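Q: The structure under discussion is supplied below as structure tokens; questions concerning it will follow.
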Amino acid sequence: MYVVENKGGAIALFLLALLLGGSMGPALMFMERKGRLPQHIYLDYSIANFLVAVLIAVTFGQIGESKADMPNFFTQLSQDNWPSVLIAMAGGLALSLGNVVIQYAWAFVGLSVTNIITSSMIVILGTSMNYFLDGRINRAELLFPGVACFLVAVFLGAAVHSSNAKDKEEKISILGTNISTRTYGDREISRDIAHEEALRNTDDNEHNTSVEAKPGTAEFIEQLEKRRAIKVIGSNKLLGLGLVFFAGLCYSIFSPSINLATNDQWHVLKKGVPHLVVYTAFFYFSVSGVVLGVCMNVLFLYRPMAGVPGSTIRAYLNDWNGRHWAILAGVVCGLCNGFQFMGGQAAGYATADAVQALPLVSTFWDVVLFGEYRRSSRKTYILLASMLTMFVVAVAVLLASAGHRKHN
């Protein structure tokens, strides 16, 4: 089994994980804004994510000889470690539920603000729990000021969302298009599903022939609203923020659960039974996550939410439009989680939450790929810059607090 032995190697894994994690959301959001149903996107994503976890377990988890206190992945599958397995699976359920919710939160609130708030909540709640679970191996004089910076970033993120939403409303009012009154269901935005499927299949051809509005303009916002799968204009601002905060609560649980599963701070294992290695914990974590994710999105195919059209399993299997983007997102997320857990086992899971710097990457994609914040007000730009600056400071302080876990 491959084990990260030093703090430098762990920090390298954290940095790689945050680059990968920050690129996951844009890949998923890209297809939703092109009109692909979020149920279809998430089914592809969750399956790919699980397969990556299996691949990491059977490769890194099998490197070298199996030891009595650190058995290889296959050896550990037959051991009596179910209490720790259930803790790991609880973390997988929490992460998967958060992922299901966040795909709608991205649409309502925006990629960068959503990721800033959820990542900050992970650090504020999850990192604090991990600090005590890790036996206080991190430097508290640096760790908790970093957590405080994340808390400030949460409030700044909410302010950015409110200001940016107001900017969009003003652009739309100038255009003179009363699309803020559109509603969900079978009313003004009701669509023929068969017609929508045809539109998705011909999306690439239409993109080349239609005239695209410039990002940040009212015309761009209106075109996006007509094309995307999740309709957001005219929605309650508190709905989006509510989804964001619920996802953040779910996310704050998954890292402490892996910590508990691999280090057994609650002493739930029988005497003589070795702790779960990080690869076994990650495997079971991903098993529960894929089961919940698939079940919920199959349900959403037939009972959709947030005004999204319904679908069927057959329609999902035949929908290859943008499937590669969803699979790529699943692969990227699987690697991100795996690297975060591998590094956390060496340097402490509290420091591993520095991976939550991923909004710095996702904000870059949000601006470049989606044209978010283009032609916004000065107030929005000031708030956005303040939020990102506070986030950079918080992450730097958090990384500086890294400790080193001693292996027996």
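Each chain in the structure tokens gets a letter, A, B and so on, in the order shown; residues start at 1 in every chain, and ligands are counted from 1 in the order they appear.
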Using DSSP on the backbone coordinates, identify the residues of segment 227-263 of chain A assigned to helix (DSSP H, G or I); present them as a PyMOL selection string.

A: chain A and resi 227+237-263

Q: How would the residues just chosen look if you wrote them out with N, CA, C and O atoms as a compact mmCIF listing (two decimals), in the first residue's frame?

A:
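The resulting result04.txt:
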```
# COMPACT_ATOMS: atom_id res chain seq x y z
N ARG A 227 -31.90 28.64 -23.25
CA ARG A 227 -31.17 27.44 -23.65
C ARG A 227 -30.96 26.46 -22.52
O ARG A 227 -31.00 25.24 -22.72
N LYS A 237 -34.37 34.64 -4.49
CA LYS A 237 -32.94 34.67 -4.16
C LYS A 237 -32.62 33.77 -2.97
O LYS A 237 -31.57 33.14 -2.92
N LEU A 238 -33.55 33.71 -2.01
CA LEU A 238 -33.31 32.90 -0.82
C LEU A 238 -33.31 31.41 -1.14
O LEU A 238 -32.68 30.63 -0.43
N LEU A 239 -34.02 31.01 -2.20
CA LEU A 239 -34.02 29.61 -2.60
C LEU A 239 -32.61 29.16 -2.96
O LEU A 239 -32.14 28.11 -2.50
N GLY A 240 -31.94 29.94 -3.78
CA GLY A 240 -30.59 29.59 -4.19
C GLY A 240 -29.63 29.53 -3.02
O GLY A 240 -28.85 28.58 -2.87
N LEU A 241 -29.68 30.56 -2.16
CA LEU A 241 -28.80 30.57 -0.99
C LEU A 241 -29.12 29.43 -0.04
O LEU A 241 -28.22 28.86 0.59
N GLY A 242 -30.40 29.09 0.08
CA GLY A 242 -30.78 27.96 0.92
C GLY A 242 -30.18 26.65 0.43
O GLY A 242 -29.68 25.84 1.22
N LEU A 243 -30.21 26.44 -0.90
CA LEU A 243 -29.59 25.26 -1.47
C LEU A 243 -28.08 25.24 -1.21
O LEU A 243 -27.50 24.19 -0.90
N VAL A 244 -27.46 26.41 -1.33
CA VAL A 244 -26.01 26.51 -1.12
C VAL A 244 -25.66 26.13 0.31
O VAL A 244 -24.74 25.33 0.55
N PHE A 245 -26.37 26.69 1.28
CA PHE A 245 -26.04 26.42 2.68
C PHE A 245 -26.35 24.97 3.06
O PHE A 245 -25.62 24.37 3.86
N PHE A 246 -27.38 24.39 2.47
CA PHE A 246 -27.67 22.97 2.74
C PHE A 246 -26.55 22.09 2.19
O PHE A 246 -26.10 21.14 2.86
N ALA A 247 -26.09 22.39 0.96
CA ALA A 247 -24.98 21.64 0.39
C ALA A 247 -23.73 21.79 1.24
O ALA A 247 -22.98 20.82 1.45
N GLY A 248 -23.48 23.00 1.74
CA GLY A 248 -22.32 23.23 2.58
C GLY A 248 -22.35 22.40 3.86
O GLY A 248 -21.33 21.87 4.31
N LEU A 249 -23.54 22.27 4.46
CA LEU A 249 -23.68 21.43 5.65
C LEU A 249 -23.36 19.97 5.34
O LEU A 249 -22.69 19.29 6.12
N CYS A 250 -23.83 19.49 4.20
CA CYS A 250 -23.54 18.11 3.80
C CYS A 250 -22.05 17.91 3.58
O CYS A 250 -21.46 16.92 4.04
N TYR A 251 -21.43 18.85 2.90
CA TYR A 251 -20.01 18.74 2.59
C TYR A 251 -19.14 18.77 3.83
O TYR A 251 -18.04 18.18 3.86
N SER A 252 -19.57 19.49 4.87
CA SER A 252 -18.75 19.62 6.06
C SER A 252 -18.60 18.31 6.83
O SER A 252 -17.75 18.19 7.72
N ILE A 253 -19.41 17.31 6.48
CA ILE A 253 -19.40 16.04 7.20
C ILE A 253 -18.44 15.03 6.59
O ILE A 253 -17.86 14.20 7.30
N PHE A 254 -18.21 15.08 5.27
CA PHE A 254 -17.55 13.96 4.61
C PHE A 254 -16.08 13.79 5.02
O PHE A 254 -15.59 12.66 5.19
N SER A 255 -15.34 14.89 5.19
CA SER A 255 -13.93 14.76 5.58
C SER A 255 -13.76 14.22 7.00
O SER A 255 -12.95 13.30 7.22
N PRO A 256 -14.50 14.74 8.00
CA PRO A 256 -14.41 14.13 9.34
C PRO A 256 -14.79 12.66 9.36
O PRO A 256 -14.25 11.89 10.17
N SER A 257 -15.71 12.26 8.49
CA SER A 257 -16.10 10.84 8.47
C SER A 257 -14.95 9.96 8.00
O SER A 257 -14.72 8.87 8.56
N ILE A 258 -14.21 10.39 6.99
CA ILE A 258 -13.04 9.64 6.55
C ILE A 258 -11.97 9.62 7.65
O ILE A 258 -11.30 8.61 7.88
N ASN A 259 -11.82 10.73 8.34
CA ASN A 259 -10.88 10.82 9.46
C ASN A 259 -11.24 9.79 10.53
O ASN A 259 -10.37 9.03 11.01
N LEU A 260 -12.51 9.75 10.91
CA LEU A 260 -12.97 8.79 11.91
C LEU A 260 -12.81 7.35 11.44
O LEU A 260 -12.43 6.46 12.21
N ALA A 261 -13.11 7.11 10.17
CA ALA A 261 -13.06 5.76 9.64
C ALA A 261 -11.64 5.22 9.59
O ALA A 261 -11.41 4.02 9.80
N THR A 262 -10.67 6.09 9.31
CA THR A 262 -9.28 5.62 9.16
C THR A 262 -8.47 5.67 10.44
O THR A 262 -7.45 4.97 10.55
N ASN A 263 -8.88 6.45 11.41
CA ASN A 263 -8.09 6.59 12.65
C ASN A 263 -8.81 6.11 13.90
O ASN A 263 -8.21 6.03 14.97
```

Q: Mind checking which residues fall within 12 Å of Ala17 of chain A, counting only C-alpha atoms, ignoring those fewer than 2 positions away in the same chain, and posting them as a PyMOL selection string?

A: chain A and resi 10-15+19-24+331-344+352-358+361

Q: With only C-alpha atoms as the atoms that count, which of A:Ile124, A:Ala105, A:Ala350, A:Leu86 lies nearest to Val268 of chain A?

A: A:Leu86

Q: Show me, as a list in words, the residues that have an atom within 12 Å of Pro304 of chain A when counting only C-alpha atoms, minus same-chain residues fewer than 4 positions from it.

A: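 After dropping sequence-adjacent residues, the list is Leu37, Pro38, Gln39, His40, Tyr104, Tyr184, Gly185, Ala229, Ile230, Met296, Asn297, Val298, Leu299, Phe300, Val308, Pro309, Gly310, Ser311 and Thr312 of chain A.
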
Q: Would you write out those residues with N, CA and C atoms, as a PDB file, in the first residue's frame?

A:
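For reference, selection_28.pdb as written:
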```
ATOM      1  N   LEU A  37     -30.055  17.787 -19.460  1.00  0.00           N
ATOM      2  CA  LEU A  37     -30.760  17.639 -18.198  1.00  0.00           C
ATOM      3  C   LEU A  37     -29.789  17.312 -17.066  1.00  0.00           C
ATOM      4  N   PRO A  38     -29.944  17.952 -15.897  1.00  0.00           N
ATOM      5  CA  PRO A  38     -29.037  17.680 -14.779  1.00  0.00           C
ATOM      6  C   PRO A  38     -29.098  16.235 -14.303  1.00  0.00           C
ATOM      7  N   GLN A  39     -30.263  15.585 -14.471  1.00  0.00           N
ATOM      8  CA  GLN A  39     -30.348  14.173 -14.084  1.00  0.00           C
ATOM      9  C   GLN A  39     -29.402  13.325 -14.926  1.00  0.00           C
ATOM     10  N   HIS A  40     -29.370  13.581 -16.233  1.00  0.00           N
ATOM     11  CA  HIS A  40     -28.487  12.842 -17.137  1.00  0.00           C
ATOM     12  C   HIS A  40     -27.026  13.123 -16.807  1.00  0.00           C
ATOM     13  N   TYR A 104     -28.071  22.222  -8.686  1.00  0.00           N
ATOM     14  CA  TYR A 104     -29.128  23.229  -8.815  1.00  0.00           C
ATOM     15  C   TYR A 104     -28.677  24.562  -8.227  1.00  0.00           C
ATOM     16  N   TYR A 184     -42.356  28.428 -13.255  1.00  0.00           N
ATOM     17  CA  TYR A 184     -42.037  27.041 -13.568  1.00  0.00           C
ATOM     18  C   TYR A 184     -43.309  26.275 -13.930  1.00  0.00           C
ATOM     19  N   GLY A 185     -43.116  24.974 -14.093  1.00  0.00           N
ATOM     20  CA  GLY A 185     -44.249  24.080 -14.303  1.00  0.00           C
ATOM     21  C   GLY A 185     -44.811  24.171 -15.695  1.00  0.00           C
ATOM     22  N   ALA A 229     -31.063  24.129 -19.007  1.00  0.00           N
ATOM     23  CA  ALA A 229     -32.046  23.160 -18.524  1.00  0.00           C
ATOM     24  C   ALA A 229     -32.771  23.643 -17.275  1.00  0.00           C
ATOM     25  N   ILE A 230     -32.058  24.356 -16.390  1.00  0.00           N
ATOM     26  CA  ILE A 230     -32.640  24.839 -15.143  1.00  0.00           C
ATOM     27  C   ILE A 230     -32.949  26.327 -15.296  1.00  0.00           C
ATOM     28  N   MET A 296     -31.315   8.786  -6.480  1.00  0.00           N
ATOM     29  CA  MET A 296     -32.004  10.070  -6.449  1.00  0.00           C
ATOM     30  C   MET A 296     -32.229  10.620  -7.855  1.00  0.00           C
ATOM     31  N   ASN A 297     -31.238  10.479  -8.722  1.00  0.00           N
ATOM     32  CA  ASN A 297     -31.398  11.051 -10.061  1.00  0.00           C
ATOM     33  C   ASN A 297     -32.263  10.197 -10.975  1.00  0.00           C
ATOM     34  N   VAL A 298     -32.355   8.904 -10.727  1.00  0.00           N
ATOM     35  CA  VAL A 298     -33.350   8.092 -11.437  1.00  0.00           C
ATOM     36  C   VAL A 298     -34.745   8.532 -11.010  1.00  0.00           C
ATOM     37  N   LEU A 299     -34.909   8.813  -9.704  1.00  0.00           N
ATOM     38  CA  LEU A 299     -36.198   9.331  -9.231  1.00  0.00           C
ATOM     39  C   LEU A 299     -36.521  10.664  -9.903  1.00  0.00           C
ATOM     40  N   PHE A 300     -35.499  11.542 -10.021  1.00  0.00           N
ATOM     41  CA  PHE A 300     -35.707  12.849 -10.633  1.00  0.00           C
ATOM     42  C   PHE A 300     -36.013  12.752 -12.123  1.00  0.00           C
ATOM     43  N   VAL A 308     -37.360  21.538 -14.126  1.00  0.00           N
ATOM     44  CA  VAL A 308     -36.602  20.772 -15.122  1.00  0.00           C
ATOM     45  C   VAL A 308     -37.526  19.744 -15.774  1.00  0.00           C
ATOM     46  N   PRO A 309     -37.447  19.559 -17.087  1.00  0.00           N
ATOM     47  CA  PRO A 309     -38.289  18.564 -17.743  1.00  0.00           C
ATOM     48  C   PRO A 309     -38.002  17.150 -17.245  1.00  0.00           C
ATOM     49  N   GLY A 310     -39.012  16.305 -17.286  1.00  0.00           N
ATOM     50  CA  GLY A 310     -38.828  14.911 -16.927  1.00  0.00           C
ATOM     51  C   GLY A 310     -38.146  14.136 -18.033  1.00  0.00           C
ATOM     52  N   SER A 311     -37.786  12.907 -17.744  1.00  0.00           N
ATOM     53  CA  SER A 311     -37.104  12.072 -18.728  1.00  0.00           C
ATOM     54  C   SER A 311     -37.354  10.611 -18.374  1.00  0.00           C
ATOM     55  N   THR A 312     -36.626   9.713 -19.020  1.00  0.00           N
ATOM     56  CA  THR A 312     -36.728   8.282 -18.749  1.00  0.00           C
ATOM     57  C   THR A 312     -35.333   7.678 -18.782  1.00  0.00           C
TER      58      THR A 312
END
```

Q: For segment 56-68 of chain A, find every residue with an atom within 6 Å (counting only C-alpha atoms), except residues of its own chain fewer than 4 positions away, and show them as a ChimeraX atom specification.

A: /A:1-2,72-73,279

Q: Could you turn the residues from that selection into a file that holds C-alpha atoms, as a PDB file, in the first residue's frame?

A:
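Written out: again.pdb:
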```pdb
ATOM      1  CA  MET A   1       0.000   0.000   0.000  1.00  0.00           C
ATOM      2  CA  TYR A   2       1.346   3.406  -0.969  1.00  0.00           C
ATOM      3  CA  ASN A  72      -3.537  -3.836   1.573  1.00  0.00           C
ATOM      4  CA  PHE A  73      -6.956  -3.108   0.084  1.00  0.00           C
ATOM      5  CA  TYR A 279      -8.020   3.395   0.195  1.00  0.00           C
TER       6      TYR A 279
END
```

Q: Between A:Trp82, A:Gln76, A:Gly289, A:Ile41, which has the minimum distance to Lys270 of chain A (counting only C-alpha atoms)?

A: A:Trp82
